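Structure file run.cif (mmCIF, C-alpha atoms) is printed below.
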```cif
data_data
#
loop_
_atom_site.label_atom_id
_atom_site.label_comp_id
_atom_site.auth_asym_id
_atom_site.auth_seq_id
_atom_site.Cartn_x
_atom_site.Cartn_y
_atom_site.Cartn_z
CA MET X 25 0.00 0.00 0.00
CA SER X 26 2.74 2.50 0.95
CA THR X 27 4.68 1.60 -2.21
CA ALA X 28 1.65 2.47 -4.33
CA ILE X 29 1.31 5.84 -2.59
CA LEU X 30 5.00 6.61 -3.11
CA CYS X 31 4.74 5.67 -6.79
CA LEU X 32 1.69 7.89 -7.19
CA LEU X 33 3.50 10.84 -5.56
CA LEU X 34 6.51 10.26 -7.80
CA ILE X 35 4.32 10.23 -10.91
CA ILE X 36 2.62 13.47 -9.84
CA MET X 37 6.00 15.14 -9.29
CA ILE X 38 7.22 14.02 -12.72
CA VAL X 39 4.07 15.33 -14.42
CA PHE X 40 4.43 18.75 -12.80
CA GLY X 41 8.14 18.85 -13.61
CA LEU X 42 7.53 18.01 -17.26
CA ARG X 43 4.76 20.60 -17.47
CA SER X 44 7.07 23.29 -16.13
CA TYR X 45 9.86 22.22 -18.48
CA LEU X 46 7.58 22.27 -21.53
CA LYS X 47 6.30 25.72 -20.55
CA ARG X 48 9.86 27.04 -20.46
CA LEU X 49 10.61 25.47 -23.84
CA THR X 50 7.66 27.21 -25.46
CA SER X 51 7.72 30.58 -23.70
CA GLY X 52 11.21 30.93 -22.27
CA CYS X 53 12.04 31.64 -18.66
CA CYS X 54 9.59 34.47 -17.85
CA GLY X 55 8.10 34.60 -21.33
CA VAL X 56 11.13 36.12 -23.03
CA SER X 57 10.58 34.47 -26.41
CA ALA X 58 7.03 35.80 -26.54
CA ARG X 59 8.33 39.40 -26.43
CA PRO X 60 11.68 41.10 -26.91
CA GLY X 61 14.21 40.88 -24.06
CA VAL X 62 14.11 43.46 -21.30
CA LYS X 63 16.45 46.40 -21.84
CA LEU X 64 18.23 47.89 -18.87
CA LYS X 65 17.42 51.47 -18.04
CA ARG X 66 20.77 53.03 -17.19
CA VAL X 67 21.13 55.56 -14.41
CA LYS X 68 22.71 58.82 -15.57
CA ASP X 69 24.50 59.65 -12.31
CA ARG X 70 26.99 56.83 -11.75
CA ASP X 71 29.24 58.62 -9.26
CA LYS X 72 29.20 56.42 -6.15
CA SER X 73 30.05 59.38 -3.90
CA HIS X 74 26.62 60.88 -4.68
CA TYR X 75 24.88 57.92 -3.05
CA PRO X 76 25.46 57.97 0.73
CA TYR X 77 23.01 55.13 1.51
CA ARG X 78 23.46 51.55 0.44
CA VAL X 79 21.73 48.20 1.03
CA LEU X 80 21.93 44.70 -0.38
CA LEU X 81 18.63 43.05 -1.21
CA LYS X 82 18.52 39.27 -1.42
CA VAL X 83 15.96 38.56 -4.15
CA ASP X 84 14.13 35.29 -4.71
CA GLY X 85 12.74 34.10 -8.02
CA MET X 86 15.26 35.43 -10.55
CA SER X 87 16.38 32.77 -13.00
CA CYS X 88 17.73 34.60 -16.06
CA GLY X 89 19.15 37.89 -17.28
CA SER X 90 15.69 39.24 -18.10
CA CYS X 91 14.60 38.60 -14.51
CA ALA X 92 17.62 40.50 -13.23
CA ALA X 93 16.93 43.37 -15.66
CA ARG X 94 13.32 43.61 -14.48
CA VAL X 95 14.41 43.89 -10.84
CA GLU X 96 17.13 46.41 -11.68
CA ASN X 97 14.74 48.55 -13.74
CA ALA X 98 12.10 48.50 -10.99
CA LEU X 99 14.61 49.75 -8.42
CA ASN X 100 16.21 52.29 -10.77
CA ALA X 101 12.74 53.75 -11.40
CA LEU X 102 12.81 55.09 -7.82
CA GLU X 103 14.01 58.69 -7.52
CA GLY X 104 17.72 58.87 -6.66
CA VAL X 105 18.37 55.11 -6.78
CA TRP X 106 21.14 53.28 -8.59
CA ALA X 107 20.74 49.50 -8.42
CA GLN X 108 22.93 46.79 -9.86
CA VAL X 109 21.66 43.20 -9.81
CA ASP X 110 23.94 40.17 -9.59
CA LEU X 111 21.98 37.17 -10.85
CA GLY X 112 24.54 34.64 -9.61
CA GLU X 113 24.42 35.98 -6.07
CA GLU X 114 20.66 36.59 -6.33
CA GLN X 115 21.07 40.07 -4.91
CA ALA X 116 20.66 43.73 -5.77
CA ASP X 117 23.24 46.28 -4.67
CA VAL X 118 21.14 49.40 -4.13
CA ARG X 119 22.72 52.84 -3.74
CA MET X 120 20.46 55.72 -2.75
CA LYS X 121 20.73 59.50 -2.58
CA ARG X 122 18.11 59.47 0.16
CA GLU X 123 17.30 56.64 2.48
CA TYR X 124 14.39 54.48 1.40
CA GLY X 125 12.63 52.19 3.86
CA GLU X 126 12.75 48.44 3.50
CA GLN X 127 9.06 48.31 2.61
CA GLU X 128 9.48 50.79 -0.27
CA LEU X 129 12.34 48.77 -1.76
CA LYS X 130 10.49 45.49 -1.28
CA ALA X 131 7.40 46.98 -2.93
CA ALA X 132 9.42 48.07 -5.97
CA VAL X 133 10.86 44.57 -6.39
CA LYS X 134 7.41 43.04 -5.86
CA THR X 135 5.98 45.13 -8.73
CA ALA X 136 8.55 43.44 -10.97
CA GLY X 137 7.23 40.06 -9.82
CA TYR X 138 9.96 39.01 -7.37
CA THR X 139 10.41 38.78 -3.61
CA VAL X 140 13.00 40.31 -1.31
CA TYR X 141 13.72 37.87 1.50
CA ARG X 142 16.51 39.76 3.26
CA VAL X 143 17.77 43.35 3.46
CA GLU X 144 21.37 43.95 4.54
CA LYS X 145 22.55 47.46 5.29
CA THR X 146 26.13 48.14 4.21
CA VAL X 147 28.54 50.84 5.22
#
```
Written as structure tokens, that's how I'd like the structure from this file.
Amino acid sequence: MSTAILCLLLIIMIVFGLRSYLKRLTSGCCGVSARPGVKLKRVKDRDKSHYPYRVLLKVDGMSCGSCAARVENALNALEGVWAQVDLGEEQADVRMKREYGEQELKAAVKTAGYTVYRVEKTV
């Protein structure tokens, strides 16, 4: 009886895994093939001395360069923010001209479709 239940659970996991894999094959990781890739919106002021506040955001859910670009663009849309996202580290290095609260930064990332699971203040 327990063997049958385990086999059934295994089959269900395989079906869901195949479904997810087929979806990525047809639409790309976040639907990239359905529309052009996301272009980064560059910040004009790239002088680090102009940004006295800095935090690292650990971001969950990014799996490709388009994901990272979406997060970076969402943060850079905030007034006086220069963000750089590292996909490999799953984090955003956020420099700010004025201090933003954690909730404001999390909300910006959430609008892009991702989740901040940790905020680390840096000096």
With distances taken over all atoms listed in the file, which of X:Asp110, X:Glu96, X:Glu126, X:Glu103 is nearest to Arg66 in chain X?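 That would be X:Glu96, the residue with the smallest distance to Arg66 in chain X.
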Residues near Gln108 in chain X, cut-off 8 Å, all atoms listed in the file, skip fewer than 3 positions along chain, as a ChimeraX atom specification: /X:96,116-118
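Between CA of Ala107 in chain X and CA of Leu64 in chain X there is a distance of 10.9 Å.
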Of the candidates X:Val105, X:Ile29, X:Ile38, X:Met120, which shows the shortest atom-to-atom distance to Thr146 in chain X, using only C-alpha atoms?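 Of X:Val105, X:Ile29, X:Ile38, X:Met120, the one nearest Thr146 in chain X is X:Met120, counting only C-alpha atoms.
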Using only C-alpha atoms, find the one residue out of X:Val109, X:Ala136, X:Val62, X:Leu30 that sits nearest to Lys82 in chain X. X:Val109
Shell around range 140-145 of chain X at 8 Å using all atoms listed in the file, local window under 2 positions removed, as number ranges by chain: X: 78-84, 126, 130, 133-134, 138, 147
